[in-house]
Each structure stands twice: as structure tokens, then as C-alpha cells.
2 protein chains.
Amino acid sequence: MEEIPEEECLEILDQRSLGRIAVVVEGQPQIFPVNYAINQRIVAIRSGAGTKLSHAPGSKVCFEIDEYDSSGGVGWSVMVQGIAVDATDAFDDVSWAARAAAPWPVAPGVKPFWLAIEPSKITGRRFRRRA
Amino acid sequence: MEEIPEEECLEILDQRSLGRIAVVVEGQPQIFPVNYAINQRIVAIRSGAGTKLSHAPGSKVCFEIDEYDSSGGVGWSVMVQGIAVDATDAFDDVSWAARAAAPWPVAPGVKPFWLAIEPSKITGRRFRRRA
């Protein structure tokens with residue numbers, strides 16, 4: 001198992017658009033698939049009203065992407081740990097960066113809110129399966 | 001967005017082998033990709049020593065699988081919320097069910113421990129993107 005340096009994690013994050021966010025609701029983590037975009041290390045997500053919007057802002061959340069290619073036997077994951085910010089109409093740098101990114105949700109439903117994740121830690125791991 | 005009934009969630013879980021577990025470490029959720037198997041509603045995972053093993057047992061965790069087919073525009077996710085149990089050598093029903101399942105980790109490394117998730121809630125959602 002090899003560690004992926006932060007700079008490469010950011011490149012990988014920049015090349016994808018579908019990940020998952022984990023939010024803790026009264027001690028119980030919940031995981032939701034989300035489309036995202038990244039800008040200046042900030043992960044930006046659009047959201048409707050619901051669990052993510054009511055529990056994420058101001059709290060510790062986790063964002064993750066991963067892939068496993070069974071033919072090549074290569075797997076990797078990138079994890080962003082940090083604090084979620086309701087970036088819908090705030091004027092701080094994190095919120096600006098989030099709104100300047102362009103996440104494009106494929107799921108239906110009105111998503112008028114922006115969530116940003118201000119990372120405390122960006123880590124990645126990769127492995128190659130032995131033949 | 002359509003809800004997937006629990007029975008169908010269990011069928012979908014049974015057909016896959018790669019998901020993610022979220023574990024909360026001092027208030028900070030972390031997400032790890034894992035191979036799993038399911039038996040009698042119990043999600044079974046094999047683990048080495050590390051974050052999952054030291055923080056999951058006795059705590060609330062979340063397990064999730066998802067898929068998005070961009071050609072058909074169909075996306076879904078299934079989420080198992082519950083309590084993790086160190087099932088390595090305990091004799092309770094949950095641990096037996098976990099050890100009788102056969103998760104096959106593709107990642108390298110010795111994984112001598114078994115984690116089981118005793119579900120409190122199994123939910124799923126599906127959508128079809130409008131053309």
C-alpha cells in the first residue's frame with residue numbers, strides 16, 4: 001500500500017466529478033454520493049435541503065473518491081477530511097472558491113445551496129495487486 | 001429520487017463486493033474502501049490492524065455502495081447504518097454470520113480481523129436522469 005502525495009491527490013480530485021461525503025448525524029455517520037468540483041483545495045458540492053445541509057455546516061465531514069480496476073489490479077482512494085461550510089451566500093474565501101468551482105449534479109432535484117469543505121487533511125493510498 | 005425498499009437493498013448488496021465504510025475518529029468521519037460480503041443482513045469486512053479496527057468496534061459506522069451509469073443516466077446508492085462489532089473470534093450470532101460470509105479483500109496486506117456491521121437501518125435511493 002503506497003501513499004499518494006497531496007499534490008497528486010489534488011490532481012486526481014480535479015479529474016473526477018463523482019465522490020461521496022460522510023456527515024455525522026448524532027454520532028451516526030452517513031455516506032451520500034455527490035457530484036463535486038475542486039478549486040484551490042476546496043471541495044464544492046451543491047445540495048438541496050436535507051441531511052447534508054442541516055448537519056454538515058460547521059461540522060467535521062469527509063469526502064472520498066476511489067477506483068478499482070480489476071483487470072489491472074490497481075486500486076486507489078483519496079480522502080479529504082475537513083470542516084464543511086455553507087457557502088451559499090457567504091463572502092469568505094472558502095465560499096468564493098466553492099462558488100467559482102462548477103460542480104454539476106447529475107441527480108435530479110433543485111440544489112440551491114452550496115457546501116464547501118475546507119480541508120484539514122488530504123490523503124491518498126494506492127495498491128497494485130500481486131499477480 | 002425513488003426509495004429502494006430494504007429487501008431490494010439486500011439483493012443489491014449481495015451482488016456486489018466493493019463498498020466503503022465510514023468510521024468516526026474523535027468526531028472526524030473517515031471513509032475507507034473495503035471489500036465486503038453480506039450474510040443474514042450482516043455486512044462482513046476483513047481488516048488489518050489500523051483505524052478501522054481500533055475505532056469501529058462498539059461504535060456507529062456507515063457502509064455504502066453506489067453506482068452511476070452515465071450512458072443510461074441511472075444512479076443509485078445503498079447505505080447500511082449500524083454498530084460495528086469485532087467479529088474475529090466472538091461467539092455471538094452477528095460474529096458467526098460475519099465469519100460465515102466470505103469477503104475477499106483485493107488489497108494486499110494481512111487482514112486477520114473480522115469486522116461485522118449489525119444494521120440499524122438499511123436504505124437505498126435511485127434516480128433516472130431526465131433526457
# chains A, B, ... in the order shown; residues from 1 in each chain; ligands from 1

call {"tool": "residues_around", "arguments": {"residues": "A:Val80", "least_positions_apart": "4", "cutoff": "10 Å", "atoms": "only C-alpha atoms", "output": "count of residues only"}}
result
23

call {"tool": "select_by_dssp", "arguments": {"residues": "stretch 6-63 of chain B", "states": "strand (DSSP E or B)", "output": "NGL selection string"}}
result
:B and (18-25 or 28-35 or 37-39 or 42-47 or 57 or 60-63)

call {"tool": "write_last_selection", "arguments": {"atoms": "N, CA, C and O atoms", "output": "short mmCIF file (atom, residue, chain, number, x, y, z; two decimals), in the first residue's frame"}}
result
data_model
loop_
_atom_site.label_atom_id
_atom_site.label_comp_id
_atom_site.auth_asym_id
_atom_site.auth_seq_id
_atom_site.Cartn_x
_atom_site.Cartn_y
_atom_site.Cartn_z
N LEU B 18 -17.59 -4.59 -3.39
CA LEU B 18 -16.73 -3.46 -3.07
C LEU B 18 -17.58 -2.28 -2.59
O LEU B 18 -18.48 -1.84 -3.31
N GLY B 19 -17.30 -1.80 -1.40
CA GLY B 19 -18.05 -0.66 -0.86
C GLY B 19 -17.14 0.21 -0.04
O GLY B 19 -15.91 0.16 -0.18
N ARG B 20 -17.74 1.03 0.82
CA ARG B 20 -16.95 1.91 1.67
C ARG B 20 -17.54 1.92 3.06
O ARG B 20 -18.75 1.88 3.22
N ILE B 21 -16.65 2.01 4.04
CA ILE B 21 -17.10 2.13 5.43
C ILE B 21 -16.67 3.50 5.94
O ILE B 21 -15.56 3.96 5.65
N ALA B 22 -17.57 4.16 6.67
CA ALA B 22 -17.22 5.41 7.35
C ALA B 22 -17.15 5.14 8.84
O ALA B 22 -18.06 4.55 9.42
N VAL B 23 -16.05 5.58 9.42
CA VAL B 23 -15.77 5.40 10.84
C VAL B 23 -15.51 6.79 11.41
O VAL B 23 -14.89 7.62 10.75
N VAL B 24 -15.99 7.05 12.62
CA VAL B 24 -15.78 8.37 13.22
C VAL B 24 -14.62 8.28 14.21
O VAL B 24 -14.64 7.47 15.13
N VAL B 25 -13.60 9.11 13.99
CA VAL B 25 -12.42 9.13 14.86
C VAL B 25 -12.37 10.51 15.52
O VAL B 25 -12.07 11.50 14.86
N GLN B 28 -14.30 13.11 13.76
CA GLN B 28 -13.96 13.27 12.34
C GLN B 28 -14.28 11.99 11.58
O GLN B 28 -13.62 10.96 11.78
N PRO B 29 -15.29 12.02 10.69
CA PRO B 29 -15.54 10.82 9.89
C PRO B 29 -14.41 10.57 8.91
O PRO B 29 -13.78 11.50 8.40
N GLN B 30 -14.12 9.29 8.68
CA GLN B 30 -13.14 8.89 7.67
C GLN B 30 -13.79 7.80 6.84
O GLN B 30 -14.54 6.98 7.36
N ILE B 31 -13.50 7.78 5.54
CA ILE B 31 -14.11 6.80 4.63
C ILE B 31 -13.02 5.92 4.04
O ILE B 31 -12.02 6.42 3.53
N PHE B 32 -13.23 4.60 4.11
CA PHE B 32 -12.27 3.66 3.55
C PHE B 32 -12.97 2.69 2.59
O PHE B 32 -13.98 2.10 2.96
N PRO B 33 -12.42 2.51 1.39
CA PRO B 33 -12.96 1.47 0.50
C PRO B 33 -12.65 0.09 1.09
O PRO B 33 -11.54 -0.12 1.61
N VAL B 34 -13.60 -0.81 1.01
CA VAL B 34 -13.41 -2.16 1.54
C VAL B 34 -14.14 -3.18 0.68
O VAL B 34 -15.18 -2.90 0.11
N ASN B 35 -13.56 -4.37 0.61
CA ASN B 35 -14.32 -5.49 0.09
C ASN B 35 -15.19 -6.02 1.22
O ASN B 35 -14.81 -5.95 2.39
N ALA B 37 -18.74 -8.83 2.26
CA ALA B 37 -19.75 -9.82 1.89
C ALA B 37 -20.90 -9.63 2.86
O ALA B 37 -20.74 -9.02 3.92
N ILE B 38 -22.08 -10.14 2.48
CA ILE B 38 -23.24 -9.95 3.34
C ILE B 38 -23.86 -11.30 3.64
O ILE B 38 -23.87 -12.19 2.78
N ASN B 39 -24.30 -11.47 4.87
CA ASN B 39 -24.91 -12.73 5.29
C ASN B 39 -25.92 -12.42 6.39
O ASN B 39 -25.57 -11.82 7.40
N ILE B 42 -25.99 -9.03 7.85
CA ILE B 42 -24.75 -8.57 8.47
C ILE B 42 -23.72 -8.29 7.38
O ILE B 42 -23.46 -9.15 6.53
N VAL B 43 -23.13 -7.10 7.41
CA VAL B 43 -22.05 -6.77 6.49
C VAL B 43 -20.73 -7.21 7.13
O VAL B 43 -20.44 -6.83 8.27
N ALA B 44 -19.97 -8.03 6.41
CA ALA B 44 -18.72 -8.56 6.96
C ALA B 44 -17.53 -8.01 6.17
O ALA B 44 -17.55 -7.97 4.94
N ILE B 45 -16.52 -7.59 6.90
CA ILE B 45 -15.32 -6.98 6.32
C ILE B 45 -14.11 -7.60 6.98
O ILE B 45 -14.14 -7.85 8.18
N ARG B 46 -13.06 -7.83 6.24
CA ARG B 46 -11.81 -8.25 6.87
C ARG B 46 -10.88 -7.05 6.99
O ARG B 46 -10.90 -6.14 6.17
N SER B 47 -10.10 -7.03 8.04
CA SER B 47 -9.32 -5.83 8.34
C SER B 47 -7.97 -6.20 8.94
O SER B 47 -7.84 -7.21 9.63
N PRO B 57 -15.18 -0.96 16.31
CA PRO B 57 -15.96 -1.84 17.19
C PRO B 57 -16.66 -1.12 18.33
O PRO B 57 -16.06 -0.29 19.03
N LYS B 60 -20.89 3.55 16.12
CA LYS B 60 -21.76 3.69 14.95
C LYS B 60 -20.90 3.88 13.71
O LYS B 60 -20.01 4.73 13.68
N VAL B 61 -21.18 3.09 12.69
CA VAL B 61 -20.46 3.20 11.43
C VAL B 61 -21.49 3.23 10.30
O VAL B 61 -22.68 2.99 10.51
N CYS B 62 -21.00 3.53 9.11
CA CYS B 62 -21.87 3.51 7.94
C CYS B 62 -21.16 2.75 6.83
O CYS B 62 -19.94 2.87 6.66
N PHE B 63 -21.91 1.95 6.12
CA PHE B 63 -21.37 1.24 4.96
C PHE B 63 -22.20 1.67 3.76
O PHE B 63 -23.42 1.81 3.86
#

call {"tool": "select_by_dssp", "arguments": {"residues": "stretch 17-61 of chain B", "states": "helix (DSSP H, G or I)", "output": "MDAnalysis selection string"}}
result
chainID B and resid 51:55

call {"tool": "closest_residue", "arguments": {"among": "B:Ile83, B:Ile12, B:Leu115, B:Ala49", "to": "chain A", "atoms": "only C-alpha atoms"}}
result
B:Ile83

call {"tool": "closest_residue", "arguments": {"among": "A:Val74, A:Ala87, A:Ala102, A:Val94", "to": "chain B", "atoms": "only C-alpha atoms"}}
result
A:Val74

call {"tool": "decode", "arguments": {"residues": "stretch 61-75 of chain B", "atoms": "all heavy atoms", "output": "compact mmCIF listing (two decimals), in the first residue's frame"}}
result
# COMPACT_ATOMS: atom_id res chain seq x y z
N VAL B 61 -21.18 3.09 12.69
CA VAL B 61 -20.46 3.20 11.43
C VAL B 61 -21.49 3.23 10.30
O VAL B 61 -22.68 2.99 10.51
CB VAL B 61 -19.48 2.02 11.20
CG1 VAL B 61 -18.41 1.98 12.29
CG2 VAL B 61 -20.22 0.70 11.13
N CYS B 62 -21.00 3.53 9.11
CA CYS B 62 -21.87 3.51 7.94
C CYS B 62 -21.16 2.75 6.83
O CYS B 62 -19.94 2.87 6.66
CB CYS B 62 -22.15 4.94 7.49
SG CYS B 62 -23.23 5.05 6.06
N PHE B 63 -21.91 1.95 6.12
CA PHE B 63 -21.37 1.24 4.96
C PHE B 63 -22.20 1.67 3.76
O PHE B 63 -23.42 1.81 3.86
CB PHE B 63 -21.47 -0.27 5.17
CG PHE B 63 -21.00 -1.05 3.99
CD1 PHE B 63 -19.64 -1.22 3.76
CD2 PHE B 63 -21.90 -1.57 3.07
CE1 PHE B 63 -19.19 -1.91 2.64
CE2 PHE B 63 -21.46 -2.27 1.96
CZ PHE B 63 -20.10 -2.43 1.75
N GLU B 64 -21.54 1.85 2.63
CA GLU B 64 -22.27 2.37 1.46
C GLU B 64 -21.73 1.76 0.17
O GLU B 64 -20.54 1.52 0.04
CB GLU B 64 -22.12 3.89 1.41
CG GLU B 64 -22.99 4.57 0.40
CD GLU B 64 -22.24 5.03 -0.85
OE1 GLU B 64 -21.06 4.66 -1.04
OE2 GLU B 64 -22.84 5.76 -1.64
N ILE B 65 -22.64 1.51 -0.77
CA ILE B 65 -22.25 1.19 -2.14
C ILE B 65 -23.06 2.09 -3.06
O ILE B 65 -24.17 2.53 -2.71
CB ILE B 65 -22.48 -0.30 -2.51
CG1 ILE B 65 -23.95 -0.69 -2.37
CG2 ILE B 65 -21.61 -1.21 -1.66
CD1 ILE B 65 -24.24 -2.12 -2.87
N ASP B 66 -22.53 2.38 -4.22
CA ASP B 66 -23.28 3.21 -5.17
C ASP B 66 -22.80 2.93 -6.58
O ASP B 66 -21.77 2.29 -6.78
CB ASP B 66 -23.14 4.70 -4.84
CG ASP B 66 -21.71 5.20 -4.92
OD1 ASP B 66 -21.06 5.04 -5.97
OD2 ASP B 66 -21.22 5.75 -3.91
N GLU B 67 -23.55 3.41 -7.53
CA GLU B 67 -23.17 3.25 -8.93
C GLU B 67 -23.86 4.34 -9.73
O GLU B 67 -24.99 4.72 -9.42
CB GLU B 67 -23.63 1.88 -9.43
CG GLU B 67 -22.80 1.33 -10.57
CD GLU B 67 -23.14 -0.13 -10.86
OE1 GLU B 67 -24.09 -0.38 -11.61
OE2 GLU B 67 -22.47 -1.01 -10.29
N TYR B 68 -23.17 4.83 -10.75
CA TYR B 68 -23.82 5.75 -11.69
C TYR B 68 -23.45 5.32 -13.09
O TYR B 68 -22.29 5.24 -13.45
CB TYR B 68 -23.39 7.20 -11.43
CG TYR B 68 -24.02 8.13 -12.44
CD1 TYR B 68 -25.40 8.27 -12.50
CD2 TYR B 68 -23.24 8.82 -13.36
CE1 TYR B 68 -26.00 9.09 -13.45
CE2 TYR B 68 -23.83 9.65 -14.30
CZ TYR B 68 -25.21 9.78 -14.33
OH TYR B 68 -25.79 10.59 -15.28
N ASP B 69 -24.48 5.03 -13.86
CA ASP B 69 -24.29 4.64 -15.25
C ASP B 69 -24.57 5.86 -16.11
O ASP B 69 -25.72 6.25 -16.31
CB ASP B 69 -25.25 3.49 -15.57
CG ASP B 69 -25.33 3.24 -17.07
OD1 ASP B 69 -24.47 3.74 -17.81
OD2 ASP B 69 -26.27 2.53 -17.48
N SER B 70 -23.49 6.49 -16.61
CA SER B 70 -23.69 7.76 -17.29
C SER B 70 -24.40 7.58 -18.63
O SER B 70 -25.09 8.49 -19.09
CB SER B 70 -22.36 8.48 -17.48
OG SER B 70 -21.47 7.67 -18.21
N SER B 71 -24.27 6.40 -19.27
CA SER B 71 -24.96 6.23 -20.56
C SER B 71 -26.47 6.13 -20.34
O SER B 71 -27.26 6.76 -21.05
CB SER B 71 -24.43 4.99 -21.29
OG SER B 71 -24.68 3.83 -20.54
N GLY B 72 -26.89 5.36 -19.34
CA GLY B 72 -28.32 5.24 -19.07
C GLY B 72 -28.86 6.34 -18.16
O GLY B 72 -30.06 6.51 -18.04
N GLY B 73 -27.97 7.07 -17.52
CA GLY B 73 -28.41 8.15 -16.64
C GLY B 73 -29.06 7.67 -15.36
O GLY B 73 -29.82 8.39 -14.72
N VAL B 74 -28.74 6.42 -14.97
CA VAL B 74 -29.33 5.87 -13.76
C VAL B 74 -28.27 5.84 -12.65
O VAL B 74 -27.15 5.39 -12.87
CB VAL B 74 -29.86 4.44 -13.98
CG1 VAL B 74 -30.37 3.83 -12.67
CG2 VAL B 74 -30.97 4.45 -15.02
N GLY B 75 -28.63 6.33 -11.49
CA GLY B 75 -27.73 6.29 -10.34
C GLY B 75 -28.46 5.72 -9.14
O GLY B 75 -29.67 5.87 -9.01
